[in-house]
Structure formats: C-alpha cells, structure tokens
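Down below is the structure, laid out as structure tokens.
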Amino acid sequence: EIYKTEPRSYRDLPVRYAEFGTVYRYEQSGELHGLTRVRGFTQDDAHIFCRPDQVKEEFKKVIDLVLYVFKNLGFEDYTAQISLRDPENKTKYIGSDENWALAESAIQEAAAEKGLPTVTEYGEAAFYGPKLDFMVRDALGRRWQLGTIQVDYNLPERFDLEYVAPDNTKQRPVMLHRAPFGSLERFVAVLIEHCAGNFPLWLTPEQFIVLPISDKYIDYANEVKAQLEQRDLRGTVDARDERIGRKIRDAEMAKLPYLLVVGEKEAQDKIISVRKHGEGDLGSMPLDAFVKSVQSQIVEAY
C-alpha cells in the first residue's frame, strides 16, 4: 500500500522498505520453547520492490547482508536451505507456474553464484513464493532457521502493483521479503547459547572490570573506569572487600573479556595490569595502549 501511494518509474526501482515489526502466532502450548519459539516476536522485516532484471542482484546483496551478520557474530556452522514448493501438491500455493519457475531459478542461481553450501527442500516454500532460509547449528547441535530471503512474484499481482517501463508500458515489479536476523528473540537465544557467554568483544555488555587490590586503590580504579568510558568502552569496578584472587576468579567465571588489576605500582605509574579471559596475564601497560588494542579488535570484527 505504501508503494502504491505514488506512480513509480523503472528508474525509481529498487524501492526498499524496512521495519522492526512485531507479529503474533498462536503456537500451541507444547510447542512453546523459551525465546526460540514464542507467540509474539519481532522481525527485522523488509520488502524490496524491483524490476525482474534486478532480482538476482538484489537477492545477492541480501545474501551478503546475512553473511555479514553471521560473520560478526561468529556463526560459522550454517546451511542455506532452498525451500521450493511441493511439485506433487500445488494447491496450497498461489500464483502461476511461470512465476514460480522464475522465482525458483532466481534463488538457485543467486545461491550458486555466491558459493553457498545449500540443501534443497521441496514443500517448504511459503504459499506465495520460494525462499532461502539460513539454518544455523547452535552449541548443542540443534538447527534453527534465522535469516530468510523470499522471492515473490505473486503478491505484487494480487495488490496490482505497477511501474512505468522505458517503453511507457505498465509492468509488474517483483517483491523480495528479507529478514537477516529473522525473529530477534530467537536470534538472541541462539546467540547466547552459541557463545556460551563469551560474546564478541564489541557486543559484550561489560568489556572490562577494574580490580583494585585493596580499598586504598578504589579511587584510582574509578579513575581508570572513567577514562575508559570516555573512550567508549564499557565496564565496572569491583569494589568489594575481597582478596584479589577471589575477584579475579569471579571475573573469570563471569567471562568478562578484560580484567584490569590496579595496586600501588599501577596507581603510582598511572598504568594497569591486564589479564584477558581465557589467556591470563598480558602484563602492565598504559591506558592508551590498552584502549588502542581493544579498539583495533572491535574494528577488525567489521
């Protein structure tokens, strides 16, 4: 309906609309499962309206977007599932055989040109068109559908969508549905289990914790925290009246990426002693050197 609010020329296409849309599905009680299968969820949904000659290129751009998301979040064990209609039972699908053939070939060609590891499943298509689903395997070996891309020749026809072609005739656009994350609730749940708490450095809620050896160095610890926060790093200070060994153990158990130990020498020389989760002691360094190291790791993730 938004697309139809004004005349469209072939020069205007592709037109891309995106939203975070909350939707509802009446799952039965036995099918509900934590955040991975819920009755109300939010999708990063988008609809792309393009000319038939733009379908493959737009489809490949969305594949790139999904792979960009997976790379940054460390999802490496995934399969691209090409979901086609059931050739033996076409009654539950809408649209002409010609449109379905165009849509299915566009998906298969785009996936092949991108070199994706694919499997083909018949009967798994949406009622209005075939799709490419990204099936991600989590830490427990379960497969979840996260990102999805769908080619749709049928809904533009049912909504009577048009654009003016170079020869001044009115033509039908093709519609792509895309959701790189899919259900955000499901994505977050799978991400938490996949990382087992070891989130990428750019994403983890607390990137550092400052551990003063005793109460005498809490002021310096807070100074370190304030300076790091000014450099857009996130963290906290462990000001508990506990031995430093206990503080280090608790921070390691919490899987905090960087443990910054401060005592008399550190306060005097304005430095920090750095420990990295899972790697141990990295030695002493000035704050600037630590910040550059962390920021470079965050930049590399992109």
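Scheme for the structure tokens: letters A, B, ... for chains in order shown; per-chain residue numbers from 1; ligand numbers from 1 in order shown.
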
>> Using DSSP secondary structure from the backbone, list all strand (DSSP E or B) positions within stretch 64-203 of chain A, as number ranges by chain.
In response: A: 78-84, 118-122, 126, 129, 131-137, 143-152, 163-164, 170-171, 174-179, 183

Residues near A:Tyr17, anyone? I mean within 10 Å using only C-alpha atoms, not counting same-chain ones fewer than 3 positions away, as number ranges by chain.
A: 2-3, 14, 45-49, 177

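Of the residues under consideration (A:Gln81, A:Gly263, A:Cys50, A:Glu109), A:Cys50 shows the shortest atom-to-atom contact distance to A:Pro156 when counting only C-alpha atoms.
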
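Closest approach to A:Val274 from the set A:Ala103, A:Ala289, A:Ala18, A:Val190 is made by A:Ala289, with distances taken over only C-alpha atoms.
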
What's the 10 Å shell around stretch 87-91 of chain A, counting only C-alpha atoms, without same-chain residues fewer than 6 positions away, as a tab-separated table (two decimals) with all heavy atoms, in the first residue's frame?
chain	number	residue	atom	x	y	z
A	97	ASP	N	2.48	-21.05	-12.67
A	97	ASP	CA	3.67	-21.90	-12.79
A	97	ASP	C	4.85	-21.10	-13.34
A	97	ASP	O	6.01	-21.31	-12.96
A	97	ASP	CB	3.38	-23.10	-13.70
A	97	ASP	CG	2.47	-24.13	-13.05
A	97	ASP	OD1	2.31	-24.07	-11.80
A	97	ASP	OD2	1.90	-24.97	-13.76
A	122	TYR	N	11.82	-29.63	-0.79
A	122	TYR	CA	10.56	-29.43	-1.51
A	122	TYR	C	9.40	-29.41	-0.50
A	122	TYR	O	9.41	-30.14	0.48
A	122	TYR	CB	10.34	-30.54	-2.53
A	122	TYR	CG	11.32	-30.46	-3.69
A	122	TYR	CD1	12.52	-31.19	-3.66
A	122	TYR	CD2	11.06	-29.65	-4.78
A	122	TYR	CE1	13.43	-31.10	-4.70
A	122	TYR	CE2	11.96	-29.57	-5.84
A	122	TYR	CZ	13.15	-30.29	-5.79
A	122	TYR	OH	14.05	-30.20	-6.82
A	123	GLY	N	8.44	-28.52	-0.75
A	123	GLY	CA	7.28	-28.42	0.13
A	123	GLY	C	7.48	-27.45	1.28
A	123	GLY	O	6.58	-27.29	2.10
A	127	PHE	N	3.53	-19.87	0.92
A	127	PHE	CA	2.42	-20.07	-0.02
A	127	PHE	C	2.51	-19.14	-1.23
A	127	PHE	O	1.96	-19.41	-2.28
A	127	PHE	CB	1.07	-19.90	0.68
A	127	PHE	CG	0.74	-18.48	1.05
A	127	PHE	CD1	0.03	-17.66	0.18
A	127	PHE	CD2	1.12	-17.96	2.28
A	127	PHE	CE1	-0.28	-16.35	0.52
A	127	PHE	CE2	0.82	-16.66	2.63
A	127	PHE	CZ	0.11	-15.85	1.76

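In this model, the gap between atom CA of A:Arg85 and atom CA of A:Pro52 comes to 20.4 Å.
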
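Atom pair atom CA of A:Leu32 / atom CA of A:Ala179 has a distance of 21.7 Å (rounded to one decimal).
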
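Atom CA of A:Val66 lies 19.5 Å from atom CA of A:Glu193.
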
Self-check item: Spatial neighbours of stretch 227-237 of chain A, max dist 9 Å, only C-alpha atoms, sep filter under 4 positions, as a PyMOL selection string
Solution: chain A and resi 204-212+218+221-223+287+291+294-295

Output file for the selection above: all heavy atoms, as a short mmCIF file (atom, residue, chain, number, x, y, z; two decimals), in the first residue's frame:
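The file below, selection-v5.cif, is the result:
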data_model
loop_
_atom_site.label_atom_id
_atom_site.label_comp_id
_atom_site.auth_asym_id
_atom_site.auth_seq_id
_atom_site.Cartn_x
_atom_site.Cartn_y
_atom_site.Cartn_z
N THR A 204 29.69 -7.58 23.97
CA THR A 204 29.54 -7.95 25.38
C THR A 204 29.14 -6.74 26.23
O THR A 204 29.66 -5.64 26.03
CB THR A 204 30.84 -8.59 25.91
OG1 THR A 204 30.61 -9.14 27.19
CG2 THR A 204 31.96 -7.58 25.97
N PRO A 205 28.21 -6.90 27.16
CA PRO A 205 27.73 -5.75 27.94
C PRO A 205 28.83 -5.06 28.74
O PRO A 205 28.84 -3.84 28.86
CB PRO A 205 26.68 -6.38 28.88
CG PRO A 205 26.23 -7.61 28.18
CD PRO A 205 27.43 -8.12 27.45
N GLU A 206 29.76 -5.84 29.31
CA GLU A 206 30.88 -5.26 30.06
C GLU A 206 32.19 -5.75 29.44
O GLU A 206 32.49 -6.94 29.48
CB GLU A 206 30.81 -5.65 31.54
CG GLU A 206 29.62 -5.02 32.27
CD GLU A 206 29.61 -5.35 33.75
OE1 GLU A 206 30.43 -6.19 34.18
OE2 GLU A 206 28.77 -4.78 34.47
N GLN A 207 32.93 -4.83 28.86
CA GLN A 207 34.16 -5.21 28.16
C GLN A 207 35.35 -5.31 29.10
O GLN A 207 36.35 -5.94 28.76
CB GLN A 207 34.44 -4.18 27.05
CG GLN A 207 33.36 -4.20 25.97
CD GLN A 207 33.43 -2.97 25.08
OE1 GLN A 207 33.70 -1.86 25.55
NE2 GLN A 207 33.17 -3.15 23.80
N PHE A 208 35.26 -4.67 30.27
CA PHE A 208 36.36 -4.74 31.22
C PHE A 208 35.80 -4.65 32.64
O PHE A 208 34.67 -4.20 32.87
CB PHE A 208 37.37 -3.60 30.98
CG PHE A 208 36.83 -2.23 31.30
CD1 PHE A 208 36.87 -1.70 32.59
CD2 PHE A 208 36.25 -1.45 30.30
CE1 PHE A 208 36.36 -0.45 32.88
CE2 PHE A 208 35.74 -0.19 30.58
CZ PHE A 208 35.78 0.31 31.88
N ILE A 209 36.61 -5.08 33.60
CA ILE A 209 36.33 -4.84 35.01
C ILE A 209 37.63 -4.44 35.68
O ILE A 209 38.68 -5.06 35.43
CB ILE A 209 35.69 -6.07 35.69
CG1 ILE A 209 35.32 -5.74 37.14
CG2 ILE A 209 36.61 -7.29 35.62
CD1 ILE A 209 34.43 -6.78 37.80
N VAL A 210 37.60 -3.39 36.49
CA VAL A 210 38.79 -2.92 37.18
C VAL A 210 38.80 -3.54 38.58
O VAL A 210 37.81 -3.46 39.32
CB VAL A 210 38.82 -1.38 37.29
CG1 VAL A 210 40.17 -0.92 37.84
CG2 VAL A 210 38.56 -0.74 35.94
N LEU A 211 39.92 -4.18 38.94
CA LEU A 211 40.03 -4.91 40.20
C LEU A 211 41.08 -4.25 41.09
O LEU A 211 42.29 -4.50 40.93
CB LEU A 211 40.41 -6.37 39.94
CG LEU A 211 39.56 -7.13 38.92
CD1 LEU A 211 40.12 -8.54 38.72
CD2 LEU A 211 38.12 -7.18 39.37
N PRO A 212 40.67 -3.38 42.03
CA PRO A 212 41.64 -2.81 42.97
C PRO A 212 42.11 -3.86 43.97
O PRO A 212 41.30 -4.65 44.47
CB PRO A 212 40.85 -1.68 43.65
CG PRO A 212 39.41 -2.07 43.51
CD PRO A 212 39.30 -2.86 42.23
N ILE A 218 40.74 2.11 45.30
CA ILE A 218 39.42 2.23 44.67
C ILE A 218 39.30 3.54 43.90
O ILE A 218 38.73 3.59 42.80
CB ILE A 218 38.30 2.11 45.73
CG1 ILE A 218 38.21 0.66 46.22
CG2 ILE A 218 36.96 2.55 45.14
CD1 ILE A 218 37.16 0.43 47.30
N ALA A 221 40.98 3.08 40.69
CA ALA A 221 40.17 2.18 39.87
C ALA A 221 39.02 2.94 39.21
O ALA A 221 38.72 2.75 38.02
CB ALA A 221 39.62 1.03 40.72
N ASN A 222 38.37 3.81 39.97
CA ASN A 222 37.28 4.60 39.41
C ASN A 222 37.78 5.59 38.37
O ASN A 222 37.10 5.89 37.38
CB ASN A 222 36.54 5.35 40.53
CG ASN A 222 35.66 4.42 41.35
OD1 ASN A 222 35.05 3.49 40.83
ND2 ASN A 222 35.59 4.67 42.66
N GLU A 223 38.99 6.08 38.58
CA GLU A 223 39.61 6.99 37.59
C GLU A 223 39.86 6.25 36.27
O GLU A 223 39.59 6.77 35.19
CB GLU A 223 40.91 7.54 38.17
CG GLU A 223 41.63 8.51 37.25
CD GLU A 223 42.98 8.93 37.84
OE1 GLU A 223 43.10 9.03 39.08
OE2 GLU A 223 43.92 9.13 37.04
N LEU A 287 47.17 3.18 29.82
CA LEU A 287 45.78 3.12 29.39
C LEU A 287 45.64 3.27 27.88
O LEU A 287 44.85 2.59 27.24
CB LEU A 287 44.96 4.20 30.10
CG LEU A 287 44.38 3.86 31.47
CD1 LEU A 287 43.59 5.04 32.01
CD2 LEU A 287 43.49 2.63 31.39
N VAL A 291 43.63 0.83 25.32
CA VAL A 291 42.49 1.32 24.52
C VAL A 291 42.72 1.04 23.04
O VAL A 291 41.82 0.56 22.34
CB VAL A 291 42.26 2.82 24.76
CG1 VAL A 291 41.26 3.38 23.76
CG2 VAL A 291 41.76 3.05 26.18
N VAL A 294 42.17 -2.70 22.31
CA VAL A 294 40.76 -3.11 22.34
C VAL A 294 40.02 -2.54 21.14
O VAL A 294 39.24 -3.25 20.48
CB VAL A 294 40.10 -2.65 23.66
CG1 VAL A 294 38.60 -2.89 23.61
CG2 VAL A 294 40.72 -3.39 24.84
N GLN A 295 40.24 -1.27 20.83
CA GLN A 295 39.54 -0.66 19.71
C GLN A 295 39.91 -1.31 18.38
O GLN A 295 39.07 -1.47 17.50
CB GLN A 295 39.82 0.85 19.67
CG GLN A 295 39.14 1.60 20.80
CD GLN A 295 39.44 3.09 20.80
OE1 GLN A 295 40.42 3.53 20.20
NE2 GLN A 295 38.60 3.88 21.46
#

Based on the backbone DSSP call, show me all residues of stretch 124-284 of chain A assigned alpha helix (DSSP H), as number ranges by chain. A: 155-158, 184-195, 218-230, 244-253, 264-269

Residues within 12 Å of stretch 35-43 of chain A, only C-alpha atoms, excluding chain neighbours under 3 positions, as a ChimeraX atom specification: /A:18-32,46,138,142-148,177-193

- Query: Within 10 Å of stretch 198-200 of chain A, counting only C-alpha atoms, which residues qualify if same-chain residues fewer than 6 places away don't, as a count of residues only?
  - Reply: 15

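With only C-alpha atoms as the atoms that count, the minimum distance from A:Tyr153 to the choices A:Arg11, A:Arg137, A:Lys71, A:Arg172 is reached by A:Arg172.
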
Exercise for the section: Find the spatial neighbours of stretch 158-170 of chain A, counting only C-alpha atoms, within a cut-off of 7 Å - ignore same-chain residues fewer than 4 positions away - and output them as an MDAnalysis selection string. Expected result: chainID A and resid 4 7:10 154

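Using only C-alpha atoms for every distance, the candidate list A:Val119, A:Ala125, A:Leu176, A:Cys195 yields A:Leu176 as the residue closest to A:Ile149.
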